[in-house]
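A.B. asks: Next up is a structure, given as structure tokens.
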There are 2 protein chains.
Amino acid sequence: MTKILESVPNYSVGNDEEIIEKIVSPFKSHEDVKLLDYSADPDHNRLVVTNAGNPEGLFESTLESIGIAIDLIDMNEHRGEHPRMGAVDVIPFTPVRNVAMDEAVDLAKRLANAATDKYDLPIYLYEESATRPERKNLENIRRGEFEGFPEKINKEEWKPDYGPEKVHPTAGVTAIGARKPLVAFNVNLRTDDLSVAREIARRVRHSSGGLRYCKAMGVDLEEEGLVQVSMNLTDHTRTSLHLVFELIRAEAERYGVNIAESEIIGLVPADALMNVAEHYLQISDFSSDQVIENRLLEDL
Amino acid sequence: MTKILESVPNYSVGNDEEIIEKIVSPFKSHEDVKLLDYSADPDHNRLVVTNAGNPEGLFESTLESIGIAIDLIDMNEHRGEHPRMGAVDVIPFTPVRNVAMDEAVDLAKRLANAATDKYDLPIYLYEESATRPERKNLENIRRGEFEGFPEKINKEEWKPDYGPEKVHPTAGVTAIGARKPLVAFNVNLRTDDLSVAREIARRVRHSSGGLRYCKAMGVDLEEEGLVQVSMNLTDHTRTSLHLVFELIRAEAERYGVNIAESEIIGLVPADALMNVAEHYLQISDFSSDQVIENRLLEDL
């Protein structure tokens, strides 16, 4: 059974088509990697690439892509709305099939080690591969951004996990990590009262007392005349989509508000939706081997 | 994008391990076919094989398997509980990925033509590939079984679609067809009153006024102290699992009975469950391209 992971490297380039094509070329050409998507946002000045592949394929293609990005991006000239600290800002690996989290952590460390050797780049490990609790959260690492890192990197508590204790002059620093798949799930409410979405977001999200693997905020959808509870589910195997959905429904009832619709943004693992079907249909003893497509994936 | 169909050939052998292994060997060895499952029931004296593969792979391997079964099975000595009319009793093809129903019909006809040429076997087309309305339903074709066919085949209305107008002396006759994927879906009710399951089955099934693509019957689950609405959904894209489930829930309420659990027997296409998740979560604008695993299947 082939091991499959997803990787979503983020690069600090959003306008230059030529550079973007060069950066993604190692993913396009590697036979054990499938480039699922890449999109560049000029305002954010950021390129987000999504790949799936086996560990060795992702290791080789990502290492090559890092080298290309370091050669072509100069962070001293980079401006953009999205916070960033390096030419290759962050590289998360996520288990998809037949891969344990340990193996994703191992891949992150191997890549960090190789990239440091090859490109003299300081690298921080984050999320599941973090070496200190305060490095689990990417925002903590990135705080100060490219401009602030020459000072930050000298502090004992921000010594890089790999590489020199000195910012790369043009490429800055990079974070590499392993994490659970993230599901971007939004629920739209049939009201134009933003305070309802904000109040519900506050109750369902972990940070203010809600569900363990749910981040949420209220958003105004002015054009639709609706409001939205916009969420990231950071571990759908434990905080499932239906749990979140039913909790929002119950909370909305308190305001006499119905759910208008929901949406999933970007990619989602099949299991996240299969579990929803199993829940609502009260299916007992179901095995993922019963899904025809899963059997076909065994041979990949 | 590779075209994938499922095939579920049924053979009239249930006891002889050696014969069974020989019959399935062409599916095991063909590189474009994946043998998903095979199981023989001694009481039914019947072998049911499930394969997935591209049209050419299924064509070649099935043609070879038919020849092996004809050589090794003598219907004159066959006894079993399951109705049957030939050594290779029935071969349905079902579109799974990137295949239109027309292509499945075409595959059924090509296989029928080739098998007739090679083995002098009379063949009937059924379901979506049927040439006459009364041949859509397999039960109509099979009525009379192996023992009755020497007489039935002489009638003008039961002239075979392919091959001689004469039963094969040891292999009988065969039906080949194309059909939608069949989902075996059972809903268990928290009561031991069989009449409740029977009454609900009567209301939800097509034959007595219910849902278009639903066959249903009431079954007593004595050991569990429950009763079951046991169903075959013959087109889950039109009569979906959640539609059936909610209708049964509503009907059961009339008796003050709750749904205890449900079960899916055997294989199910991923879409059948994805649609359930989309329904209950009220997901709008979802594309199957958003499911990571679907993107990986594109390269098969």
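Order determines the names: the first chain of the structure tokens is A, the second B, and so forth; residues in each chain are numbered 1 upward, and ligands are numbered 1 upward as they are shown.
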Dump as a list in words the residues of chain B that approach chain A to within 6 Å, counting only C-alpha atoms.

C.D. replies: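 Listing them in order of chain and number gives Glu261, Ser262, Glu263, Gly266, Leu267, Val268, Pro269, Ala270, Leu273, Val276, Ala277, Gln282, Ile283, Ser284, Gln290, Val291 and Ile292 of chain B.
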
A.B. asks: Save out the residues we just selected, C-alpha atoms, as a PDB file, in the first residue's frame.

C.D. replies:
ATOM      1  CA  GLU B 261     -29.153   1.730  13.259  1.00  0.00           C
ATOM      2  CA  SER B 262     -28.571   1.135   9.577  1.00  0.00           C
ATOM      3  CA  GLU B 263     -26.080  -0.901   7.580  1.00  0.00           C
ATOM      4  CA  GLY B 266     -20.986  -4.938   0.484  1.00  0.00           C
ATOM      5  CA  LEU B 267     -19.555  -2.248  -1.723  1.00  0.00           C
ATOM      6  CA  VAL B 268     -20.824   1.284  -2.157  1.00  0.00           C
ATOM      7  CA  PRO B 269     -19.714   4.074  -4.508  1.00  0.00           C
ATOM      8  CA  ALA B 270     -18.142   7.007  -2.642  1.00  0.00           C
ATOM      9  CA  LEU B 273     -22.155   8.697   0.887  1.00  0.00           C
ATOM     10  CA  VAL B 276     -25.558  12.190   2.165  1.00  0.00           C
ATOM     11  CA  ALA B 277     -22.970  14.431   3.831  1.00  0.00           C
ATOM     12  CA  GLN B 282     -26.536  21.725   3.607  1.00  0.00           C
ATOM     13  CA  ILE B 283     -23.326  22.145   1.627  1.00  0.00           C
ATOM     14  CA  SER B 284     -23.706  24.355  -1.450  1.00  0.00           C
ATOM     15  CA  GLN B 290     -12.424  19.051  -3.616  1.00  0.00           C
ATOM     16  CA  VAL B 291     -11.998  15.526  -2.237  1.00  0.00           C
ATOM     17  CA  ILE B 292      -8.268  14.793  -2.108  1.00  0.00           C
TER      18      ILE B 292
END

A.B. asks: Contacts of range 145-156 of chain B at 7 Å or less, counting only C-alpha atoms, minus same-chain residues fewer than 5 places along, as a PyMOL selection string?

C.D. replies: chain B and resi 83-86+165-167+172

A.B. asks: As JSON, numbers by chain, please: every residue in range 58-262 of chain B that DSSP puts in alpha helix (DSSP H).

C.D. replies: {"B": [58, 59, 60, 61, 62, 63, 64, 65, 66, 67, 68, 69, 70, 71, 72, 101, 102, 103, 104, 105, 106, 107, 108, 109, 110, 111, 112, 113, 114, 115, 116, 117, 118, 119, 138, 139, 140, 141, 142, 145, 146, 147, 148, 149, 150, 151, 152, 194, 195, 196, 197, 198, 199, 200, 201, 202, 203, 204, 241, 242, 243, 244, 245, 246, 247, 248, 249, 250, 251, 252, 253]}

A.B. asks: Could you please write out, as number ranges by chain, every residue of range 19-166 of chain B that DSSP assigns to strand (DSSP E or B)?

C.D. replies: B: 33-41, 46-53, 86, 88-97, 123-127, 162

A.B. asks: Identify, on the basis of only C-alpha atoms, every residue whose closest approach to Pro164 in chain A does not exceed 8 Å; exclude the query and any residue fewer than 3 positions from it along the same chain; express the result as JSON, numbers by chain.

C.D. replies: {"A": [120, 121, 122, 160, 167]}

A.B. asks: List the neighbours of Lys118 in chain B out to 9 Å using only C-alpha atoms; skip same-chain residues closer than 3 positions along the sequence, and give me the result as an mmCIF file with N, CA and C atoms, in the first residue's frame.

C.D. replies:
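Generated output (result.cif):
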data_model
loop_
_atom_site.group_PDB
_atom_site.id
_atom_site.type_symbol
_atom_site.label_atom_id
_atom_site.label_comp_id
_atom_site.auth_asym_id
_atom_site.auth_seq_id
_atom_site.Cartn_x
_atom_site.Cartn_y
_atom_site.Cartn_z
ATOM 1 N N LEU B 63 -14.041 -12.597 -20.669
ATOM 2 C CA LEU B 63 -14.168 -13.557 -21.779
ATOM 3 C C LEU B 63 -13.410 -14.842 -21.452
ATOM 4 N N GLY B 67 -14.947 -18.863 -20.512
ATOM 5 C CA GLY B 67 -14.478 -20.104 -21.135
ATOM 6 C C GLY B 67 -14.116 -21.155 -20.094
ATOM 7 N N ASN B 113 -21.217 -10.622 -27.816
ATOM 8 C CA ASN B 113 -20.872 -10.989 -29.185
ATOM 9 C C ASN B 113 -19.651 -11.913 -29.221
ATOM 10 N N ALA B 114 -18.623 -11.545 -28.468
ATOM 11 C CA ALA B 114 -17.383 -12.323 -28.466
ATOM 12 C C ALA B 114 -17.586 -13.692 -27.809
ATOM 13 N N ALA B 115 -18.361 -13.736 -26.711
ATOM 14 C CA ALA B 115 -18.566 -14.995 -25.988
ATOM 15 C C ALA B 115 -19.383 -15.979 -26.829
ATOM 16 N N LEU B 121 -22.523 -19.881 -27.104
ATOM 17 C CA LEU B 121 -23.381 -19.747 -25.923
ATOM 18 C C LEU B 121 -24.529 -18.779 -26.230
#
